[in-house]
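Note sheet for the following structure.
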Amino acid sequence: MARKNTPGAVSASTSEQRREDAATWSPLARYLSECFGTFLLVLGGVGTALFAANFPSDTDNQSGVGFLGVALAFGLTLVAGIAAVGHISGGHFNPAVTLGLLAAGRTDVKHVPGYIVSQVVGGLAATSIIAVVLSGKAGAFAAAHDAGFASNGFGSASPGGYGLGAVFLTEAVLTGVFTAVILSITAKQEYQALAPIGIGLTLTLIHLVSIPVSNTSVNPARSIATAVYGGATPLAQLWVFIVAPIVGALVAGLIVRVGGRRRITS
């Protein structure tokens, strides 16, 4: 049976959603999609960081995938998630992106809390599964916990020893760039098929730039999910990886919204 449109029920925040008549998907379907997509993103990216980045060990890393592998893991899982459920929810998988799209006028405010809760739950489910798997090897979970569980950080918790100011600026700017790319590429009808790849490659590039600086967040749900298992320092520094990405995404969303209005009226 064909689904009927319900005007104004849910905004179609991407061209793919508009094409797939996404306004008729129920809020529950959208929230489950965001939960699944964030689960996949965190499971693939953080799982690669913890299991494969330095394999078989930090001192004997002959088979490990390193920074490049982790960056690709985050990008590829995002491509897969958007391809799988992007037509249902828009494929945000990130509270900062959701708020950035809200600032740009591309998401209905009444669905934002449901999106954010779903994203955080999905991320926590992924790291919980990773923790259970690590517990299957003697000492593996304790080692991951002591190393911060692939959490984000500044100062001594930054892979490269970068301070608070540098980390905050990096996270805010890169999240803003990421949000701007999403807003631009999903607005173009001719880029529909390439949107997941373009967005995923952008996230890969962002990780290549910023893993040494902050271990790359640009996603509060990802940071919350790892900090829960990372110990006192990641939890104490978590606020940076919630505030900075949100600030960057909001600024990008507002710039795109204002710039779009000026283009239309000029």
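Chain labels A, B, ... are given in the sequence in which chains occur in the structure tokens; within each chain residues are numbered consecutively from 1, and ligands are likewise numbered from 1 in the order shown.
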
Discussion item. Can you pull out every residue from region 69-165 of chain A that DSSP, working from the backbone, puts in helix (DSSP H, G or I), and format the result as a PyMOL selection string?
Written reply: chain A and resi 69-89+95-103+109-134+140-146+155-157+164-165

For the interface of region 149-204 of chain A with region 226-250 of chain A (cut-off 12 Å, counting only C-alpha atoms), please tabulate each contacting residue of region 149-204 of chain A alongside its nearest pair of atoms and their separation in Å to one decimal, rows sorted by chain and increasing number, as a Markdown table.
```
| residue | atom | partner | partner_atom | distance |
| --- | --- | --- | --- | --- |
| A:Phe149 | CA | A:Gly230 | CA | 4.7 |
| A:Ala150 | CA | A:Thr226 | CA | 6.4 |
| A:Ser151 | CA | A:Thr226 | CA | 5.1 |
| A:Asn152 | CA | A:Pro234 | CA | 6.6 |
| A:Gly153 | CA | A:Pro234 | CA | 6.3 |
| A:Phe154 | CA | A:Gln237 | CA | 7.5 |
| A:Gly155 | CA | A:Gln237 | CA | 9.9 |
| A:Ser156 | CA | A:Thr233 | CA | 9.4 |
| A:Ala157 | CA | A:Thr233 | CA | 7.6 |
| A:Ser158 | CA | A:Pro234 | CA | 10.3 |
| A:Gly163 | CA | A:Val240 | CA | 11.5 |
| A:Leu164 | CA | A:Val240 | CA | 8.3 |
| A:Gly165 | CA | A:Val240 | CA | 9.9 |
| A:Ala166 | CA | A:Ala244 | CA | 11.1 |
| A:Val167 | CA | A:Val240 | CA | 8.3 |
| A:Phe168 | CA | A:Ala244 | CA | 5.6 |
| A:Leu169 | CA | A:Ala244 | CA | 7.4 |
| A:Thr170 | CA | A:Ala244 | CA | 8.5 |
| A:Glu171 | CA | A:Pro245 | CA | 5.7 |
| A:Ala172 | CA | A:Gly248 | CA | 4.1 |
| A:Val173 | CA | A:Gly248 | CA | 5.7 |
| A:Leu174 | CA | A:Gly248 | CA | 7.4 |
| A:Thr175 | CA | A:Pro245 | CA | 5.3 |
| A:Gly176 | CA | A:Gly248 | CA | 4.3 |
| A:Val177 | CA | A:Ala249 | CA | 8.0 |
| A:Phe178 | CA | A:Ala249 | CA | 8.0 |
| A:Thr179 | CA | A:Ala249 | CA | 5.7 |
| A:Ala180 | CA | A:Ala249 | CA | 8.0 |
| A:Val181 | CA | A:Ala249 | CA | 10.9 |
| A:Ile182 | CA | A:Ala249 | CA | 10.6 |
| A:Leu183 | CA | A:Ala249 | CA | 10.6 |
```

Show me a table, sorted first by chain and then by increasing residue number, of the residues of region 125-208 of chain A having an atom at most 12 Å from region 115-120 of chain A, each with its shortest atom pair and the distance in Å to one decimal, counting only C-alpha atoms and written as JSON lines.
```
{"residue": "A:Ala125", "atom": "CA", "partner": "A:Val120", "partner_atom": "CA", "distance": 8.6}
{"residue": "A:Ala126", "atom": "CA", "partner": "A:Val120", "partner_atom": "CA", "distance": 10.0}
{"residue": "A:Thr127", "atom": "CA", "partner": "A:Val120", "partner_atom": "CA", "distance": 10.9}
```

Emit the selected residues as a PDB file, in the first residue's frame, including N, CA, C and O atoms.
```pdb
ATOM      1  N   ALA A 125      25.538   1.477  22.724  1.00  0.00           N
ATOM      2  CA  ALA A 125      25.350   0.052  22.435  1.00  0.00           C
ATOM      3  C   ALA A 125      26.574  -0.516  21.732  1.00  0.00           C
ATOM      4  O   ALA A 125      27.016  -1.637  22.023  1.00  0.00           O
ATOM      5  N   ALA A 126      27.160   0.264  20.819  1.00  0.00           N
ATOM      6  CA  ALA A 126      28.338  -0.208  20.079  1.00  0.00           C
ATOM      7  C   ALA A 126      29.537  -0.395  21.000  1.00  0.00           C
ATOM      8  O   ALA A 126      30.216  -1.431  20.951  1.00  0.00           O
ATOM      9  N   THR A 127      29.838   0.596  21.841  1.00  0.00           N
ATOM     10  CA  THR A 127      31.000   0.458  22.716  1.00  0.00           C
ATOM     11  C   THR A 127      30.760  -0.597  23.791  1.00  0.00           C
ATOM     12  O   THR A 127      31.716  -1.226  24.262  1.00  0.00           O
TER      13      THR A 127
END
```

Discussion item. Which residues are near Phe141 (chain A)? Cut-off 8 Å, only C-alpha atoms, ignore same chain within fewer than 6 positions. Put them as number ranges by chain.
Written reply: A: 131, 134-135

Discussion item. Please determine, counting only C-alpha atoms, which residue among A:Val70, A:Val213, A:Val256, A:Val121 has the shortest atom-to-atom distance to Pro95 (chain A).
Written reply: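 Of A:Val70, A:Val213, A:Val256, A:Val121, the one nearest Pro95 (chain A) is A:Val121, counting only C-alpha atoms.
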
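Remark: for His145 (chain A), the closest of the candidate residues A:Leu203, A:Leu50, A:Ile211, A:Leu68 is A:Leu50 (distances computed over only C-alpha atoms).
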
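The two atoms in question, CA of Ser26 (chain A) and CA of Ile88 (chain A), are spaced 9.0 Å apart.
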
Discussion item. I'd like to know which of A:Val65, A:Leu101, A:Ile129, A:Leu208 is closest to Ala53 (chain A), using only C-alpha atoms.
Written reply: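 Looking at the shortest contact to Ala53 (chain A), the residue is A:Val65.
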